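Undergrad: One structure coming up, written as structure tokens, with questions to follow.
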Amino acid sequence: MNTVKLIGNVGNNPNIRSFERSKLASFSLATKETYENQNQEEITNTQWHNIVAWGKVAEQCEELIAKGKFVSVEGKLQTRNYVNKENRKVYVTEILALKVEEVATKPKTKTFFL
């Protein structure tokens with residue numbers, strides 16, 4: 001089963017592209033994990049994710065998504081590739097959003113490792 005759920009801050013306003021029969025929305029999402037290391041120092045790890053949405057979900061993103069908003073994204077992981085101008089194969093991993101919702105408050109959580 002290929003499912004992904006991310007909660008984080010939108011990194012940029014969505015890029016909206018219109019096609020004859022559909023729309024495409026793409027934006028970045030930052031997720032953070034905070035934990036304490038062996039020396040009791042608080043460490044924050046930020047990961048950036050590329051999000052894409054098609055059709056009705058893209059239309060919802062166009063209305064809902066803005067830089068800095070705290071949102072939940074549910075979807076699936078997909079990988080694609082293409083050949084760039086230097087004739088090199090480039091691999092792209094992104095989240096295909098099937099559901100996007102604004103989250104009211106940011107939880108303060110820490111991850112603990114043994």
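Identifiers in this document derive from the order of the structure tokens: chains are assigned A, B, ..., residues are numbered from 1 separately in each chain, and ligands are numbered from 1 in order of occurrence.
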Any idea what's packed within 9 Å of region 57-60 of chain A, counting only C-alpha atoms, ignoring anything in its chain fewer than 6 positions away? Could you give it as a list in words?
TA: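 Listed by chain and then number, they are Ile16, Ser22, Lys23, Leu24, Ala25, Ser26, Ala97, Leu98, Lys99 and Val100 of chain A.
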Undergrad: Neighbours of Asn12 (chain A) within 8 Å (only C-alpha atoms; same-chain residues fewer than 2 positions away dropped), as a count of residues only?
TA: 7
Undergrad: Could you write out, as a PyMOL selection string, all the residues of chain A that DSSP marks as helix (DSSP H, G or I)?
TA: chain A and resi 55-64
Undergrad: So which one's closest to Leu96 (chain A), A:Asn84, A:Thr79, A:Asn13, A:Gln40? Using only C-alpha atoms, please.
TA: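 Looking only at the distances to Leu96 (chain A), the closest residue turns out to be A:Thr79.
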Undergrad: Taking 5 positions as the minimum chain separation for residues in the same chain, which residues sit within 7 Å of Gly8 (chain A) when counting only C-alpha atoms? Answer as an mmCIF file with N, CA and C atoms, in the first residue's frame.
TA:
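What follows is the written file part.cif:
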```cif
data_model
loop_
_atom_site.group_PDB
_atom_site.id
_atom_site.type_symbol
_atom_site.label_atom_id
_atom_site.label_comp_id
_atom_site.auth_asym_id
_atom_site.auth_seq_id
_atom_site.Cartn_x
_atom_site.Cartn_y
_atom_site.Cartn_z
ATOM 1 N N LEU A 29 6.392 21.648 0.898
ATOM 2 C CA LEU A 29 5.908 21.524 2.268
ATOM 3 C C LEU A 29 7.083 21.151 3.158
ATOM 4 N N ALA A 30 7.244 21.883 4.263
ATOM 5 C CA ALA A 30 8.308 21.603 5.234
ATOM 6 C C ALA A 30 7.719 20.868 6.429
ATOM 7 N N THR A 31 8.315 19.730 6.775
ATOM 8 C CA THR A 31 7.934 19.019 7.988
ATOM 9 C C THR A 31 9.120 19.069 8.937
ATOM 10 N N PHE A 70 -0.216 26.187 7.750
ATOM 11 C CA PHE A 70 0.020 24.878 8.358
ATOM 12 C C PHE A 70 -1.060 23.941 7.838
ATOM 13 N N VAL A 71 -0.666 22.909 7.069
ATOM 14 C CA VAL A 71 -1.637 22.046 6.398
ATOM 15 C C VAL A 71 -1.300 20.568 6.573
ATOM 16 N N SER A 72 -2.324 19.765 6.335
ATOM 17 C CA SER A 72 -2.193 18.313 6.307
ATOM 18 C C SER A 72 -2.368 17.864 4.861
#
```
Undergrad: For Gln78 (chain A), list every protein, DNA or RNA residue within 8 Å, evaluated using only C-alpha atoms, and leave out those in the same chain fewer than 4 positions away; present the list as a VMD selection string.
TA: chain A and resid 93 to 96
Undergrad: As a PyMOL selection string, please: the residues near Tyr91 (chain A) (cut-off 9 Å, only C-alpha atoms, same-chain neighbours under 6 positions excluded).
TA: chain A and resi 79-83
Undergrad: Take the residues from that selection and write them out as a CSV table (one decimal), in the first residue's frame, keeping C-alpha atoms.
TA:
```csv
chain,number,residue,atom,x,y,z
A,79,THR,CA,8.7,8.9,-8.6
A,80,ARG,CA,9.2,10.0,-12.2
A,81,ASN,CA,12.2,10.7,-14.4
A,82,TYR,CA,13.2,12.8,-17.4
A,83,VAL,CA,16.3,13.7,-19.4
```
Undergrad: Once DSSP has gone over the backbone, tell me which residues of region 37-77 of chain A are in strand (DSSP E), as a PyMOL selection string.
TA: chain A and resi 42-54+70-77
Undergrad: By how many Å are CA of His49 (chain A) and CA of Glu33 (chain A) apart?
TA: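 CA of Glu33 (chain A) lies 13.8 Å from CA of His49 (chain A).
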Undergrad: Find the residue from A:Asn9, A:Asn50, A:Asn87, A:Asn15 that sits nearest to Lys32 (chain A); use only C-alpha atoms when measuring.
TA: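 Closest to Lys32 (chain A), using only C-alpha atoms: A:Asn9.
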Undergrad: For Asn45 (chain A), find every residue with an atom within 12 Å (counting only C-alpha atoms), except residues of its own chain fewer than 2 positions away, and show them as a PyMOL selection string.
TA: chain A and resi 30-37+42-43+47-48+110-111
Undergrad: What does the structure give for the distance between CA of Glu62 (chain A) and CA of Glu101 (chain A), in Å to one decimal?
TA: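 Straight-line distance from CA of Glu62 (chain A) to CA of Glu101 (chain A) works out to 12.2 Å.
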Undergrad: Select, from A:Val90, A:Leu77, A:Ile51, A:Ile7, the residue with the minimum atom-to-atom distance to Glu102 (chain A), counting only C-alpha atoms.
TA: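 Of the candidates, the smallest distance to Glu102 (chain A) is held by A:Ile7.
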Undergrad: To one decimal place in Å, what is the distance between CA of Arg17 (chain A) and CA of Cys61 (chain A)?
TA: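 Spanning CA of Arg17 (chain A) to CA of Cys61 (chain A) is a straight-line distance of 11.8 Å.
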